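**Q** So that we are looking at the same thing, I have put the structure below in structure tokens.
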Amino acid sequence: MRVLLWTEGWFKAVHLVNKKMVVAALLMFTFATMDVSFHLRHNLEAFVYFNGGAIEIFNDTSNWINVMKMACYVAQTFVGDAILLFRCWVVYGNNWLVIGIPILLWLGTTVCGAMTIYVEATINTSGKLLNASNLEPFITSMLCLTLVTNVLTTSLIVYRIWRIRKPLRHHSTVIVNSPLTHVVVVLIESGLMYTISIIILFGLYMASNNGQYGVSNAVVQIIGITFNLIITSVDRGEPTQPSSNTGRSHISHQASQGGVPLHMINIQTTVARFPDAPTHTKSAESDTENSSTTKNDWEPR
């Protein structure tokens with residue numbers, strides 16, 4: 001939030017605040033905090049407030065706390081994928097055709113998540129937890145769809161940046177540490193972080209391993225981390241400061257209202273002109289010689 005609302009020691013002007021990113025950051029913070037709060041409440045009920053065994057509490061999949069934790073996971077995934085789609089849409093110049101397939105995958109993920117919440121809240125799956133036969137098709141589909149959505153969308157963004165960066169090699173002498181290179185690295189790192197966590201979660205879920213519950217709790221936080229990683233690394237403007245005035249491209253921080261990890265590119269070029277040697281040198285020498293000769297002619301003999 002400091003990066004989005006604060007600049008040069010004071011709050012940004014209202015027209016400079018990226019409202020979409022502020023809303024997304026607030027939503028992710030809210031869902032992540034609620035998820036941690038529900039887990040704390042669940043542990044308190046199991047080990048402090050409940051008179052029976054803790055296993056009985058944790059085995060009750062339809063417990064309202066379990067349902068709310070699943071709702072937080074689905075909501076966090078929904079917001080995270082939506083922001084990723086928005087970035088891809090802006091990077092490709094508001095081209096809806098490019099993100100057509102990712103949008104369908106995103107909608108499919110949302111539907112499967114909503115069905116998971118409904119089934120978990122209404123059907124008695126006590127003792128089977130999330131691996132119940134009624135839940136497994138929806139959870140499996142949701143994990144697969146969100147994984148494909150993130151890999152596809154991140155690949156599209158990286159490809160677009162690479163296509164823009166490639167021609168600059170012929171016009172810039174500094175390309176290794178260019179802002180575009182930093183943007184690509186940040187996108188790949190954040191995408192890999194989320195992708196690897198989903199792959200681990202999917203593997204644990206298919207193996208019916210209890211480690212899936214710890215990983216699923218971490219994924220809710222990882223989604224927010226990857227989102228904030230891009231904001232703090234790119235929107236803050238640190239990687240956009242040019243270190244050379246010659247042949248160096250830089251990204252304008254305020255070029256796009258979308259606050260995405262790719263902005264308008266300005267290329268600064270410095271042209272140095274070196275004038276040729278003066279052509280009148282010989283004429284001046286000739287004039288001096290003639291003047292000297294004339295002077296000698298007038299001297300008394």
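Within each chain, counting starts at residue 1; across the structure tokens, chains are named A, B, ... in the order shown, with ligands numbered 1 upward in that order.
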Residues within 9 Å of stretch 185-198 of chain A, please, as a PyMOL selection string. Count only C-alpha atoms; anything in the same chain fewer than 6 positions from it doesn't count.

**A** chain A and resi 143-144+146-147+150-151+154-155+157-158+215-216+218-219+222-223+225-227+229-230+233-234+261

**Q** Hey, what's within 7 Å of stretch 93-106 of chain A if we count only C-alpha atoms and toss same-chain stuff fewer than 4 positions away? As a ChimeraX atom specification, please?

**A** /A:81,85,89,110,145-146,149,153

**Q** For atom CA of A:Cys88 and atom CA of A:Leu107, determine how far apart the two atoms are, in Å to one decimal place.

**A**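 Separating atom CA of A:Cys88 from atom CA of A:Leu107 is a distance of 16.0 Å.
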
**Q** Would you compute the distance between atom CA of A:Asn66 and atom CA of A:Ile117? Give it in Å to one decimal.

**A**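 These two atoms are separated by 9.4 Å.
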
**Q** Which residues, written as a tab-separated table (two decimals) with C-alpha atoms, in the first residue's frame, have at least one atom at most 8 Å from stretch 43-46 of chain A, with only C-alpha atoms counted and residues fewer than 3 positions away on the same chain left out?

**A**
chain	number	residue	atom	x	y	z
A	39	HIS	CA	-7.37	-21.11	11.14
A	40	LEU	CA	-6.69	-19.61	14.55
A	49	TYR	CA	-13.14	-24.66	23.70
A	50	PHE	CA	-14.22	-28.17	22.65
A	53	GLY	CA	-11.16	-34.75	20.96
A	54	ALA	CA	-9.60	-32.34	18.50
A	55	ILE	CA	-9.80	-34.95	15.73
A	57	ILE	CA	-13.52	-31.07	15.14
A	58	PHE	CA	-11.01	-31.32	12.29

**Q** A:Tyr73: which residues within 9 Å, counting only C-alpha atoms, same-chain residues fewer than 3 positions away excluded, as a list in words?

**A**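 Contacts, in chain order: Phe31, Ala32, Asp35, Met68, Lys69, Met70, Gln76, Thr77, Phe78, Gly113, Ser216, Asn217, Val219 and Val220 of chain A.
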
**Q** Can you spit out the residues from that selection as an mmCIF file, in the first residue's frame, using N, CA and C atoms?

**A**
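Printed below is selection20.cif as written:
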data_model
loop_
_atom_site.group_PDB
_atom_site.id
_atom_site.type_symbol
_atom_site.label_atom_id
_atom_site.label_comp_id
_atom_site.auth_asym_id
_atom_site.auth_seq_id
_atom_site.Cartn_x
_atom_site.Cartn_y
_atom_site.Cartn_z
ATOM 1 N N PHE A 31 -8.676 -11.102 2.409
ATOM 2 C CA PHE A 31 -8.881 -12.551 2.329
ATOM 3 C C PHE A 31 -7.756 -13.322 3.035
ATOM 4 N N ALA A 32 -6.525 -12.848 2.874
ATOM 5 C CA ALA A 32 -5.403 -13.513 3.532
ATOM 6 C C ALA A 32 -5.517 -13.407 5.050
ATOM 7 N N ASP A 35 -8.292 -15.687 6.291
ATOM 8 C CA ASP A 35 -7.876 -17.091 6.266
ATOM 9 C C ASP A 35 -7.059 -17.443 7.516
ATOM 10 N N MET A 68 -15.632 -21.418 5.337
ATOM 11 C CA MET A 68 -15.125 -20.057 5.160
ATOM 12 C C MET A 68 -13.662 -20.061 4.708
ATOM 13 N N LYS A 69 -12.880 -21.014 5.186
ATOM 14 C CA LYS A 69 -11.488 -21.105 4.729
ATOM 15 C C LYS A 69 -11.438 -21.440 3.245
ATOM 16 N N MET A 70 -12.293 -22.328 2.801
ATOM 17 C CA MET A 70 -12.354 -22.634 1.376
ATOM 18 C C MET A 70 -12.823 -21.422 0.579
ATOM 19 N N GLN A 76 -9.400 -15.552 -3.061
ATOM 20 C CA GLN A 76 -8.034 -15.104 -3.305
ATOM 21 C C GLN A 76 -7.562 -15.528 -4.692
ATOM 22 N N THR A 77 -7.886 -16.747 -5.077
ATOM 23 C CA THR A 77 -7.540 -17.223 -6.414
ATOM 24 C C THR A 77 -8.253 -16.413 -7.488
ATOM 25 N N PHE A 78 -9.500 -16.092 -7.240
ATOM 26 C CA PHE A 78 -10.291 -15.303 -8.183
ATOM 27 C C PHE A 78 -9.660 -13.933 -8.418
ATOM 28 N N GLY A 113 -14.678 -23.518 -8.072
ATOM 29 C CA GLY A 113 -14.512 -23.087 -6.685
ATOM 30 C C GLY A 113 -15.833 -22.860 -5.989
ATOM 31 N N SER A 216 -2.155 -25.758 1.256
ATOM 32 C CA SER A 216 -3.293 -24.939 0.818
ATOM 33 C C SER A 216 -3.386 -23.662 1.634
ATOM 34 N N ASN A 217 -3.049 -23.744 2.920
ATOM 35 C CA ASN A 217 -3.042 -22.526 3.740
ATOM 36 C C ASN A 217 -1.955 -21.566 3.274
ATOM 37 N N VAL A 219 -0.751 -21.363 0.206
ATOM 38 C CA VAL A 219 -1.035 -20.861 -1.142
ATOM 39 C C VAL A 219 -1.829 -19.559 -1.083
ATOM 40 N N VAL A 220 -2.740 -19.454 -0.119
ATOM 41 C CA VAL A 220 -3.526 -18.224 0.014
ATOM 42 C C VAL A 220 -2.604 -17.028 0.239
#
